[in-house]
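One file, my_file24.tsv, carrying TSV, C-alpha atoms:
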```tsv
chain	number	residue	atom	x	y	z
A	9	MET	CA	8.84	-3.27	12.60
A	10	PHE	CA	10.16	-6.78	12.08
A	11	VAL	CA	8.05	-9.71	10.86
A	12	ARG	CA	9.04	-13.35	10.55
A	13	VAL	CA	8.38	-14.61	7.02
A	14	GLY	CA	9.64	-18.11	6.30
A	15	ASP	CA	13.41	-18.14	6.70
A	16	LEU	CA	13.55	-14.34	6.99
A	17	VAL	CA	13.08	-11.70	9.61
A	18	THR	CA	11.74	-8.99	7.34
A	19	HIS	CA	12.05	-5.32	8.17
A	20	VAL	CA	8.98	-3.42	7.01
A	21	GLN	CA	7.47	0.01	7.53
A	22	VAL	CA	3.70	0.42	7.30
A	23	SER	CA	2.13	3.87	7.00
A	24	GLY	CA	-1.40	5.14	6.52
A	25	PRO	CA	-4.91	4.16	7.69
A	26	ALA	CA	-5.45	0.50	8.55
A	27	GLY	CA	-8.67	0.35	6.54
A	28	ALA	CA	-7.26	1.96	3.41
A	29	PRO	CA	-6.35	0.04	0.23
A	30	ALA	CA	-2.91	-1.54	0.53
A	31	LEU	CA	-0.02	-0.30	-1.61
A	32	VAL	CA	3.26	-2.24	-1.62
A	33	LEU	CA	6.42	-0.35	-2.62
A	34	LEU	CA	9.39	-2.55	-3.60
A	35	HIS	CA	12.83	-0.95	-3.77
A	36	SER	CA	15.70	-1.39	-6.21
A	37	LEU	CA	18.88	-3.46	-6.08
A	38	GLY	CA	21.39	-2.13	-3.57
A	39	THR	CA	19.01	0.29	-1.84
A	40	SER	CA	16.38	-0.06	0.89
A	41	LEU	CA	12.79	0.87	1.66
A	42	HIS	CA	13.99	4.48	2.12
A	43	VAL	CA	14.24	4.92	-1.63
A	44	TRP	CA	10.44	5.48	-1.41
A	45	ASP	CA	10.45	7.96	1.53
A	46	ALA	CA	9.14	10.90	-0.48
A	47	GLN	CA	6.34	8.85	-2.01
A	48	VAL	CA	5.07	7.77	1.42
A	49	ASP	CA	4.55	11.40	2.38
A	50	ALA	CA	2.33	11.83	-0.69
A	51	LEU	CA	0.45	8.52	-0.63
A	52	ALA	CA	-0.08	7.49	3.00
A	53	ARG	CA	-3.19	9.65	3.51
A	54	ARG	CA	-5.21	7.50	1.11
A	55	PHE	CA	-3.35	4.19	1.17
A	56	ARG	CA	-1.89	1.73	3.64
A	57	VAL	CA	1.67	1.92	2.33
A	58	ILE	CA	3.77	-1.20	2.97
A	59	ARG	CA	7.54	-0.95	2.37
A	60	PRO	CA	9.70	-3.99	3.04
A	61	ASP	CA	13.46	-4.24	2.90
A	62	LEU	CA	13.97	-7.05	0.39
A	63	ARG	CA	15.85	-10.24	1.19
A	64	GLY	CA	19.50	-9.40	1.81
A	65	HIS	CA	18.86	-5.63	1.89
A	66	GLY	CA	18.38	-3.00	4.58
A	67	LEU	CA	17.60	-4.62	7.91
A	68	THR	CA	16.07	-7.81	6.50
A	69	THR	CA	17.88	-11.14	6.94
A	70	VAL	CA	20.75	-11.85	4.56
A	71	THR	CA	20.77	-15.38	3.19
A	72	GLN	CA	23.32	-17.06	0.96
A	73	GLY	CA	22.79	-16.44	-2.77
A	74	PRO	CA	21.94	-16.97	-5.48
A	75	TYR	CA	18.36	-15.77	-5.04
A	76	HIS	CA	15.52	-16.36	-7.49
A	77	MET	CA	12.77	-13.97	-8.52
A	78	ALA	CA	10.02	-16.38	-7.46
A	79	THR	CA	11.60	-16.60	-3.99
A	80	LEU	CA	11.70	-12.84	-3.68
A	81	ALA	CA	8.07	-12.63	-4.81
A	82	ARG	CA	7.00	-15.22	-2.25
A	83	ASP	CA	8.87	-13.25	0.43
A	84	VAL	CA	6.54	-10.32	-0.26
A	85	LEU	CA	3.41	-12.48	-0.50
A	86	GLY	CA	4.35	-14.08	2.82
A	87	LEU	CA	4.72	-10.65	4.35
A	88	LEU	CA	1.22	-9.73	3.15
A	89	ASP	CA	-0.05	-12.91	4.79
A	90	ALA	CA	1.65	-11.92	8.05
A	91	LEU	CA	0.05	-8.46	7.85
A	92	SER	CA	-3.39	-9.94	7.00
A	93	VAL	CA	-3.48	-8.15	3.65
A	94	ALA	CA	-5.56	-10.05	1.10
A	95	ASN	CA	-4.51	-8.02	-1.94
A	96	ALA	CA	-2.64	-4.87	-2.81
A	97	HIS	CA	-1.54	-2.46	-5.47
A	98	VAL	CA	2.14	-3.22	-6.12
A	99	ALA	CA	4.77	-0.74	-7.26
A	100	GLY	CA	8.30	-1.88	-7.98
A	101	LEU	CA	11.48	-0.01	-8.87
A	102	SER	CA	14.10	-1.86	-10.97
A	103	ILE	CA	14.38	-5.35	-9.40
A	104	GLY	CA	11.26	-4.38	-7.44
A	105	GLY	CA	9.43	-4.22	-10.77
A	106	LEU	CA	10.61	-7.70	-11.68
A	107	ILE	CA	9.42	-8.97	-8.29
A	108	ALA	CA	6.06	-7.26	-8.86
A	109	GLN	CA	5.66	-9.10	-12.18
A	110	ALA	CA	6.54	-12.39	-10.48
A	111	MET	CA	3.93	-11.71	-7.77
A	112	ALA	CA	1.26	-11.08	-10.40
A	113	GLU	CA	2.16	-14.36	-12.11
A	114	ILE	CA	2.25	-16.45	-8.91
A	115	ALA	CA	-0.79	-14.92	-7.18
A	116	PRO	CA	-2.81	-12.88	-9.71
A	117	ARG	CA	-5.77	-12.36	-7.38
A	118	ARG	CA	-3.55	-10.70	-4.80
A	119	VAL	CA	-2.17	-8.00	-7.11
A	120	LYS	CA	-4.75	-5.36	-7.93
A	121	THR	CA	-2.58	-3.20	-10.17
A	122	LEU	CA	1.06	-2.91	-11.20
A	123	ILE	CA	3.19	0.22	-11.19
A	124	LEU	CA	6.50	-0.61	-12.85
A	125	CYS	CA	9.20	2.00	-12.44
A	126	ASP	CA	12.50	1.88	-14.34
A	127	THR	CA	12.34	-1.85	-14.92
A	128	ALA	CA	11.75	-4.31	-17.73
A	129	MET	CA	10.57	-7.82	-18.57
A	130	VAL	CA	14.20	-8.92	-18.86
A	131	ILE	CA	17.45	-7.04	-18.19
A	132	PRO	CA	20.23	-8.68	-20.20
A	133	PRO	CA	22.92	-9.87	-20.42
A	134	PRO	CA	23.10	-12.41	-17.60
A	135	SER	CA	26.90	-12.20	-17.64
A	136	ASN	CA	26.69	-8.59	-16.48
A	137	TRP	CA	24.80	-9.59	-13.31
A	138	HIS	CA	27.09	-12.49	-12.55
A	139	GLU	CA	30.07	-10.17	-12.90
A	140	ARG	CA	28.53	-7.64	-10.52
A	141	ALA	CA	27.89	-10.42	-8.01
A	142	ARG	CA	31.51	-11.56	-8.26
A	143	LEU	CA	32.80	-8.01	-7.93
A	144	VAL	CA	30.99	-7.18	-4.68
A	145	ARG	CA	31.68	-10.57	-3.11
A	146	GLU	CA	35.38	-10.02	-3.70
A	147	GLY	CA	35.69	-6.27	-3.16
A	148	GLY	CA	32.66	-5.20	-1.11
A	149	MET	CA	30.08	-2.61	-2.08
A	150	ALA	CA	32.64	0.17	-2.59
A	151	ALA	CA	33.83	-1.72	-5.67
A	152	SER	CA	30.55	-0.97	-7.46
A	153	ALA	CA	29.59	2.39	-5.98
A	154	GLU	CA	30.83	4.76	-8.69
A	155	ALA	CA	29.44	2.72	-11.56
A	156	ALA	CA	26.09	2.37	-9.80
A	157	MET	CA	25.74	6.09	-9.09
A	158	ALA	CA	26.50	6.86	-12.73
A	159	ARG	CA	23.50	4.73	-13.69
A	160	TRP	CA	21.21	5.81	-10.88
A	161	VAL	CA	21.14	9.62	-11.19
A	162	THR	CA	22.02	12.22	-13.79
A	163	PRO	CA	25.46	13.93	-13.59
A	164	GLY	CA	24.03	17.24	-12.42
A	165	PHE	CA	22.29	15.58	-9.47
A	166	ARG	CA	25.17	13.43	-8.25
A	167	ASP	CA	26.43	15.83	-5.57
A	168	GLN	CA	23.00	16.62	-4.13
A	169	PRO	CA	22.33	15.46	-0.53
A	170	ALA	CA	19.64	13.02	-1.72
A	171	ALA	CA	22.09	11.41	-4.15
A	172	LEU	CA	24.76	11.15	-1.46
A	173	GLY	CA	22.19	9.49	0.78
A	174	LEU	CA	21.40	7.07	-2.03
A	175	ARG	CA	25.10	6.22	-2.23
A	176	GLN	CA	25.10	5.45	1.49
A	177	MET	CA	22.19	3.03	1.00
A	178	LEU	CA	24.31	1.17	-1.52
A	179	LEU	CA	27.46	1.14	0.64
A	180	ARG	CA	25.49	-0.20	3.62
A	181	THR	CA	23.95	-3.04	1.62
A	182	ASP	CA	25.32	-6.46	2.51
A	183	PRO	CA	27.50	-7.70	-0.42
A	184	GLU	CA	25.93	-11.17	-0.30
A	185	GLY	CA	22.44	-9.69	-0.36
A	186	TYR	CA	23.36	-7.57	-3.38
A	187	ALA	CA	25.08	-10.48	-5.13
A	188	GLY	CA	22.24	-12.90	-4.50
A	189	ALA	CA	19.67	-10.43	-5.86
A	190	ALA	CA	21.87	-9.63	-8.89
A	191	GLU	CA	21.92	-13.36	-9.66
A	192	ALA	CA	18.12	-13.38	-9.47
A	193	ILE	CA	18.03	-10.66	-12.14
A	194	ALA	CA	20.40	-12.73	-14.29
A	195	THR	CA	17.88	-15.59	-14.52
A	196	ALA	CA	14.69	-13.52	-14.67
A	197	ASP	CA	12.85	-13.34	-17.98
A	198	PHE	CA	9.18	-12.36	-18.09
A	199	THR	CA	8.90	-11.76	-21.84
A	200	ALA	CA	6.54	-14.73	-22.24
A	201	ILE	CA	4.74	-14.17	-18.93
A	202	THR	CA	4.00	-10.46	-18.57
A	203	PRO	CA	1.88	-10.17	-21.77
A	204	LYS	CA	-0.47	-12.76	-20.21
A	205	LEU	CA	-1.10	-10.67	-17.08
A	206	LYS	CA	-4.55	-9.13	-17.12
A	207	LEU	CA	-4.61	-6.17	-14.74
A	208	PRO	CA	-4.32	-2.38	-14.86
A	209	ALA	CA	-0.71	-1.23	-15.11
A	210	HIS	CA	1.29	1.97	-15.30
A	211	VAL	CA	4.92	2.23	-16.42
A	212	ILE	CA	7.24	5.02	-15.28
A	213	VAL	CA	10.77	5.60	-16.59
A	214	GLY	CA	13.46	8.24	-16.38
A	215	ALA	CA	14.17	9.76	-19.77
A	216	GLN	CA	17.92	9.26	-19.24
A	217	ASP	CA	17.76	5.78	-17.74
A	218	GLU	CA	20.46	3.69	-19.41
A	219	ALA	CA	20.00	0.61	-17.19
A	220	THR	CA	16.37	0.01	-18.20
A	221	PRO	CA	15.87	2.57	-20.98
A	222	VAL	CA	12.73	4.08	-22.44
A	223	ALA	CA	12.66	1.30	-25.04
A	224	SER	CA	12.27	-1.28	-22.25
A	225	ALA	CA	9.49	0.78	-20.70
A	226	LYS	CA	7.66	0.96	-24.03
A	227	ALA	CA	7.97	-2.81	-24.39
A	228	LEU	CA	6.35	-3.19	-20.95
A	229	GLN	CA	3.65	-0.72	-21.94
A	230	ALA	CA	2.84	-2.75	-25.06
A	231	ALA	CA	2.91	-6.09	-23.24
A	232	LEU	CA	0.50	-4.96	-20.53
A	233	GLY	CA	-1.60	-2.44	-22.43
A	234	ALA	CA	-0.36	-0.03	-19.79
A	235	SER	CA	-0.11	3.72	-19.53
A	236	LEU	CA	3.37	5.24	-19.71
A	237	ALA	CA	5.03	8.25	-18.11
A	238	ILE	CA	8.55	9.43	-19.01
A	239	ILE	CA	10.17	11.60	-16.33
A	240	PRO	CA	12.42	14.27	-17.91
A	241	ASP	CA	15.98	14.77	-16.64
A	242	ALA	CA	15.90	11.55	-14.60
A	243	ALA	CA	17.99	8.40	-14.70
A	244	HIS	CA	17.38	4.99	-13.06
A	245	ILE	CA	16.17	6.12	-9.61
A	246	PRO	CA	13.64	8.92	-10.25
A	247	THR	CA	11.98	8.33	-6.86
A	248	ILE	CA	15.01	10.17	-5.42
A	249	GLU	CA	15.88	12.53	-8.26
A	250	HIS	CA	12.32	13.68	-9.10
A	251	PRO	CA	10.19	12.50	-6.18
A	252	ARG	CA	7.22	14.80	-6.77
A	253	ALA	CA	6.84	13.74	-10.37
A	254	VAL	CA	6.90	10.04	-9.46
A	255	SER	CA	4.48	10.57	-6.56
A	256	ALA	CA	2.07	12.45	-8.82
A	257	GLU	CA	2.17	9.68	-11.43
A	258	ILE	CA	1.47	6.97	-8.86
A	259	ALA	CA	-1.30	8.94	-7.15
A	260	ALA	CA	-3.08	9.75	-10.42
A	261	PHE	CA	-2.96	6.14	-11.60
A	262	LEU	CA	-4.18	4.73	-8.30
A	263	LEU	CA	-6.98	7.28	-8.03
A	264	ALA	CA	-8.29	6.04	-11.36
A	265	ASN	CA	-7.98	2.38	-10.37
A	266	THR	CA	-9.01	2.06	-6.72
A	267	GLU	CA	-12.39	0.55	-5.93
A	268	SER	CA	-14.08	1.87	-9.07
A	269	ASP	CA	-17.29	0.12	-7.99
A	270	THR	CA	-18.23	2.14	-4.93
A	271	TYR	CA	-21.12	-0.21	-4.16
A	272	GLU	CA	-18.81	-3.21	-3.68
A	273	ALA	CA	-16.38	-1.11	-1.66
A	274	GLY	CA	-19.22	0.28	0.44
A	275	LEU	CA	-20.76	-3.13	1.07
A	276	ARG	CA	-17.41	-4.45	2.28
A	277	VAL	CA	-16.87	-1.54	4.68
A	278	ARG	CA	-20.50	-1.57	5.86
A	279	ARG	CA	-20.15	-5.24	6.83
A	280	GLU	CA	-16.83	-4.61	8.59
A	281	VAL	CA	-18.19	-1.68	10.63
A	282	LEU	CA	-21.79	-2.66	11.41
A	283	GLY	CA	-21.24	-6.41	11.42
A	284	GLU	CA	-22.06	-9.17	8.97
A	285	ALA	CA	-25.30	-10.17	10.71
A	286	HIS	CA	-26.80	-6.67	10.78
A	287	VAL	CA	-26.04	-5.92	7.13
A	288	THR	CA	-27.30	-9.33	6.00
A	289	ARG	CA	-30.59	-8.73	7.85
A	290	ALA	CA	-30.97	-5.24	6.39
A	291	LEU	CA	-30.39	-6.41	2.83
A	292	ALA	CA	-32.62	-9.47	3.23
A	293	ALA	CA	-35.46	-7.32	4.54
A	294	ALA	CA	-35.29	-4.91	1.61
A	295	THR	CA	-38.30	-4.80	-0.70
A	296	GLU	CA	-38.91	-3.06	-4.02
A	297	PHE	CA	-39.89	-0.02	-1.95
A	298	ASP	CA	-36.55	0.45	-0.20
A	299	ARG	CA	-34.07	-1.60	-2.26
A	300	GLY	CA	-32.93	1.52	-4.08
A	301	PHE	CA	-32.42	3.25	-0.73
A	302	GLN	CA	-30.26	0.39	0.54
A	303	GLU	CA	-28.11	0.62	-2.61
A	304	PHE	CA	-27.90	4.41	-2.23
A	305	ILE	CA	-26.62	4.40	1.35
A	306	THR	CA	-24.22	1.54	0.62
A	307	ARG	CA	-22.76	3.37	-2.37
A	308	SER	CA	-22.78	6.94	-1.02
A	309	ALA	CA	-22.31	6.74	2.76
A	310	TRP	CA	-20.23	3.58	2.97
A	311	GLY	CA	-18.51	3.51	-0.41
A	312	GLY	CA	-18.21	7.26	-0.91
A	313	VAL	CA	-17.26	8.31	2.63
A	314	TRP	CA	-16.43	5.46	5.01
A	315	ALA	CA	-14.29	3.65	2.41
A	316	ARG	CA	-11.99	6.64	1.96
A	317	GLY	CA	-8.57	6.32	3.53
A	318	ASP	CA	-8.20	9.95	4.65
A	319	LEU	CA	-9.45	9.22	8.19
A	320	ASP	CA	-9.24	6.02	10.21
A	321	ARG	CA	-12.47	4.26	11.22
A	322	ARG	CA	-12.19	5.20	14.88
A	323	THR	CA	-12.21	8.88	13.91
A	324	ARG	CA	-15.10	8.45	11.49
A	325	SER	CA	-17.00	6.58	14.19
A	326	LEU	CA	-16.64	9.43	16.69
A	327	ILE	CA	-17.65	12.04	14.09
A	328	THR	CA	-20.72	10.00	13.16
A	329	LEU	CA	-21.79	9.56	16.79
A	330	ALA	CA	-21.45	13.28	17.48
A	331	LEU	CA	-23.51	14.19	14.41
A	332	LEU	CA	-26.25	11.67	15.20
A	333	ALA	CA	-26.42	12.87	18.81
A	334	ALA	CA	-26.64	16.50	17.71
A	335	LEU	CA	-29.46	15.67	15.29
A	336	GLY	CA	-31.33	13.51	17.81
A	337	GLN	CA	-31.17	10.46	15.53
A	338	HIS	CA	-31.19	8.02	18.42
A	339	GLU	CA	-31.90	4.79	16.52
A	340	GLU	CA	-28.89	5.34	14.27
A	341	PHE	CA	-26.92	6.57	17.29
A	342	ARG	CA	-27.52	3.26	19.07
A	343	LEU	CA	-26.55	1.33	15.93
A	344	HIS	CA	-23.24	3.17	15.64
A	345	LEU	CA	-22.54	2.80	19.36
A	346	ARG	CA	-22.73	-0.98	18.95
A	347	ALA	CA	-20.43	-0.68	15.93
A	348	THR	CA	-17.67	0.77	18.12
A	349	ARG	CA	-16.78	-2.85	18.89
A	350	ASN	CA	-15.46	-2.88	15.31
A	351	THR	CA	-14.23	0.71	14.92
A	352	GLY	CA	-12.21	0.91	18.15
A	353	ALA	CA	-13.79	4.07	19.59
A	354	ASN	CA	-14.00	3.63	23.38
A	355	ALA	CA	-16.35	4.97	26.05
A	356	GLU	CA	-13.95	7.68	27.22
A	357	GLU	CA	-13.60	9.04	23.69
A	358	ILE	CA	-17.36	8.93	23.13
A	359	ALA	CA	-17.88	10.85	26.39
A	360	GLN	CA	-15.52	13.54	25.11
A	361	ALA	CA	-17.46	13.68	21.84
A	362	MET	CA	-20.68	14.24	23.85
A	363	LEU	CA	-19.06	17.23	25.54
A	364	HIS	CA	-18.56	18.74	22.09
A	365	VAL	CA	-22.20	18.03	21.30
A	366	ALA	CA	-23.23	19.81	24.50
A	367	VAL	CA	-21.18	22.90	23.63
A	368	TYR	CA	-22.01	23.16	19.93
A	369	ALA	CA	-25.45	21.51	19.62
A	370	GLY	CA	-26.92	22.04	23.08
A	371	VAL	CA	-27.06	20.33	26.47
A	372	PRO	CA	-30.48	18.68	25.85
A	373	ALA	CA	-29.15	16.89	22.73
A	374	ALA	CA	-26.06	15.68	24.59
A	375	ASN	CA	-28.09	14.65	27.64
A	376	ALA	CA	-30.50	12.57	25.57
A	377	ALA	CA	-27.61	10.90	23.70
A	378	ILE	CA	-25.79	10.12	26.95
A	379	ARG	CA	-28.91	8.38	28.30
A	380	GLU	CA	-29.06	6.27	25.13
A	381	ALA	CA	-25.34	5.51	25.38
A	382	LYS	CA	-25.56	4.30	28.98
A	383	THR	CA	-28.34	1.89	28.01
A	384	VAL	CA	-26.39	0.54	25.02
A	385	PHE	CA	-23.15	0.18	27.01
A	386	LYS	CA	-25.03	-1.85	29.63
A	387	GLU	CA	-26.45	-4.10	26.89
A	388	MET	CA	-22.97	-4.56	25.40
A	389	GLU	CA	-21.55	-5.53	28.79
A	390	GLN	CA	-24.29	-8.12	29.26
A	391	ASN	CA	-23.85	-9.47	25.70
A	392	PRO	CA	-20.13	-9.19	24.94
```

Representation of the structure as structure tokens:
Amino acid sequence: MFVRVGDLVTHVQVSGPAGAPALVLLHSLGTSLHVWDAQVDALARRFRVIRPDLRGHGLTTVTQGPYHMATLARDVLGLLDALSVANAHVAGLSIGGLIAQAMAEIAPRRVKTLILCDTAMVIPPPSNWHERARLVREGGMAASAEAAMARWVTPGFRDQPAALGLRQMLLRTDPEGYAGAAEAIATADFTAITPKLKLPAHVIVGAQDEATPVASAKALQAALGASLAIIPDAAHIPTIEHPRAVSAEIAAFLLANTESDTYEAGLRVRREVLGEAHVTRALAAATEFDRGFQEFITRSAWGGVWARGDLDRRTRSLITLALLAALGQHEEFRLHLRATRNTGANAEEIAQAMLHVAVYAGVPAANAAIREAKTVFKEMEQNP
């Protein structure tokens, strides 16, 4: 889809459940959001994966360079605003990793964790980036293609279909977009900034990356107190050359760093599904007798199940209604019927769920639940 962000029309692809934790994937110089295609397949079941084409790349607006890293970071933060995303895990490849560091500096509360792939705090010398900008402005992207591919993948991988597709991403990049972003790299230096960032971080690097070598990755690791993974037989773009290894690294890191406090996660989801007023009343009415029970259901049911990204809330809502109907738990059934205003399950879908209850749990259970549903639907019509 396309989203207006400041002076840009940003092209972005969003995958995964709407209620899942957000994960932003930022691509490298001269590529596009497709450099992360394989990782989306692995991550979109548990995360809301957001992949923009950066300024001047892919299908996003090309503006006149030079660009600046803070501008590129604010482009992404503006996109999150447009998508109503308060905060996100941010993974960046090459220049994407520099942008991710800039985002964490500018808006630290909006970046939950950093995953920095084949990047650095600074990528010298500046003259190299200015020369690349001059070269593509004068000769187009073909002028830099062979040198770029030599850095991006190992020699044995260069003729593989995925590498040839990577080359096409580069050739289809607008020269001004490439040049402007290269000039942003020339002026970017986070050596005094990144060590001050206080958030979980993971660094990934190809063992044969000459553009941002293992030494740069280890410097990032030390600056952030991060974990480090070195991908064997990979160069600068391991997301293409060794996609499963990169996906596994990202998934393992995020699993260890997503909503570690299940009570807070559960309380947030419980409020979003059942409504702020209901949850506030329930918690206010708790006494010493049932306060532990309230904490238990918030942590286990809402934080342990409803907060998971594997299923969307509409699906979980229908499953819950069917189970409550089958068990004859009519008070909870009525509560979750009212919550469909927030989960998106509609009357037609609930009626279909009751047919399943009739077949698998018995007609009397379905009949009783349908009577309850008709009463609640009438109340909801009268009090929209």

Next item on the list: Could you check how far CA of Val367 in chain A sits from CA of Ile327 in chain A, in Å to one decimal?
Entry: 14.9 Å

Checklist line | Non-local contacts of range 231-238 of chain A (9 Å; all atoms listed in the file; under 6 positions in same chain excluded) as a PyMOL selection string | finding: chain A and resi 199+202-215+222+225+257+261

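Counting all atoms listed in the file and comparing A:Ala50, A:Ala189, A:Ala108, A:Ala78, the residue that lies closest to Val32 in chain A is A:Ala108.
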
Checklist line | Polymer residues at most 12 Å from Gly164 in chain A, all atoms listed in the file, same-chain spacing of 5 or more positions, as a VMD selection string | finding: chain A and resid 157 to 158 171 241 to 243 249

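The smallest atom-to-atom distance between Asp320 in chain A and any of A:Ala28, A:Ala151, A:Ala141, A:Ala156, using all atoms listed in the file, is found for A:Ala28.
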
Notebook entry, point to check: Once you count only C-alpha atoms, which residues end up no further than 12 Å from (12.4, -15.7, 4.0) in the file's frame, shown as a ChimeraX atom specification?
Noted result: /A:11-19,61-64,68-72,75-76,78-87

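Closest to Trp44 in chain A among A:Arg166, A:Arg142, A:His344, A:His250 is A:His250, based on only C-alpha atoms.
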
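Compared by their closest atoms to Pro116 in chain A, and using all atoms listed in the file, the residues A:Ile201, A:Leu51, A:Ala256, A:Ile245 rank with A:Ile201 nearest.
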
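Take the candidates A:Leu179, A:Ala96, A:Ile378, A:Ala190 and check each one against Pro134 in chain A using all atoms listed in the file; the shortest distance goes to A:Ala190.
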
Note to self: Can you tell me which residues surround Met129 in chain A at a distance of at most 8 Å, considering only C-alpha atoms, apart from same-chain residues fewer than 4 positions away, and format the answer as a list in words?
What the structure shows: Leu106, Asp197, Phe198, Thr199, Thr202, Ser224 and Leu228 of chain A

Restrict the selected residues to C-alpha atoms and save them as a CSV table (one decimal), in the coordinates of the input.
```
chain,number,residue,atom,x,y,z
A,106,LEU,CA,10.6,-7.7,-11.7
A,197,ASP,CA,12.8,-13.3,-18.0
A,198,PHE,CA,9.2,-12.4,-18.1
A,199,THR,CA,8.9,-11.8,-21.8
A,202,THR,CA,4.0,-10.5,-18.6
A,224,SER,CA,12.3,-1.3,-22.2
A,228,LEU,CA,6.4,-3.2,-21.0
```

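Neighbouring residues of Arg289 in chain A at 12 Å or closer, counting all atoms listed in the file and skipping chain neighbours under 5 positions away, are Arg279, Leu282, Gly283, Glu284, Ala294 and Gln302 of chain A.
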
Store the residues of this selection in a file with C-alpha atoms, as a CSV table (one decimal), keeping the file's coordinate frame.
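The resulting file, out_30.csv, is reproduced below:
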```csv
chain,number,residue,atom,x,y,z
A,279,ARG,CA,-20.2,-5.2,6.8
A,282,LEU,CA,-21.8,-2.7,11.4
A,283,GLY,CA,-21.2,-6.4,11.4
A,284,GLU,CA,-22.1,-9.2,9.0
A,294,ALA,CA,-35.3,-4.9,1.6
A,302,GLN,CA,-30.3,0.4,0.5
```

Check: CA of His97 in chain A to CA of Thr121 in chain A: how many Å, to one decimal?
Finding: 4.9 Å

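Of note, CA of Val384 in chain A and CA of Leu343 in chain A are spaced 9.1 Å apart.
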
Enclose range 128-147 of chain A, meaning all of its atoms listed in the file, in a box aligned along x, y and z, pad it by 5 Å on each side, and list the centre and edge lengths in Å to one decimal, as lines of an AutoDock Vina configuration file.
```
center_x = 23.1
center_y = -8.4
center_z = -11.8
size_x = 35.1
size_y = 18.2
size_z = 27.3
```

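Distance annotation: of A:Thr288, A:Thr295, A:Gln216, A:Gln109, the residue with the minimal separation from Ala200 in chain A is A:Gln109; atom set is all atoms listed in the file.
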
Check: Which polymer residues have any atom within 8 Å of an atom of Pro29 in chain A, counting all atoms listed in the file, with same-chain residues fewer than 6 positions away left out, as a list in words?
Finding: Arg54, Phe55, Arg56, Ala96, His97, Thr266 and Gly317 of chain A

Neighbours of point (22.9, -7.2, 3.9) within 7 Å, using all atoms listed in the file, written as a PDB file with C-alpha atoms, keeping the file's coordinate frame:
```
ATOM      1  CA  GLY A  64      19.500  -9.400   1.810  1.00  0.00           C
ATOM      2  CA  HIS A  65      18.860  -5.630   1.890  1.00  0.00           C
ATOM      3  CA  GLY A  66      18.380  -3.000   4.580  1.00  0.00           C
ATOM      4  CA  VAL A  70      20.750 -11.850   4.560  1.00  0.00           C
ATOM      5  CA  THR A 181      23.950  -3.040   1.620  1.00  0.00           C
ATOM      6  CA  ASP A 182      25.320  -6.460   2.510  1.00  0.00           C
ATOM      7  CA  PRO A 183      27.500  -7.700  -0.420  1.00  0.00           C
ATOM      8  CA  GLU A 184      25.930 -11.170  -0.300  1.00  0.00           C
ATOM      9  CA  GLY A 185      22.440  -9.690  -0.360  1.00  0.00           C
TER      10      GLY A 185
END
```
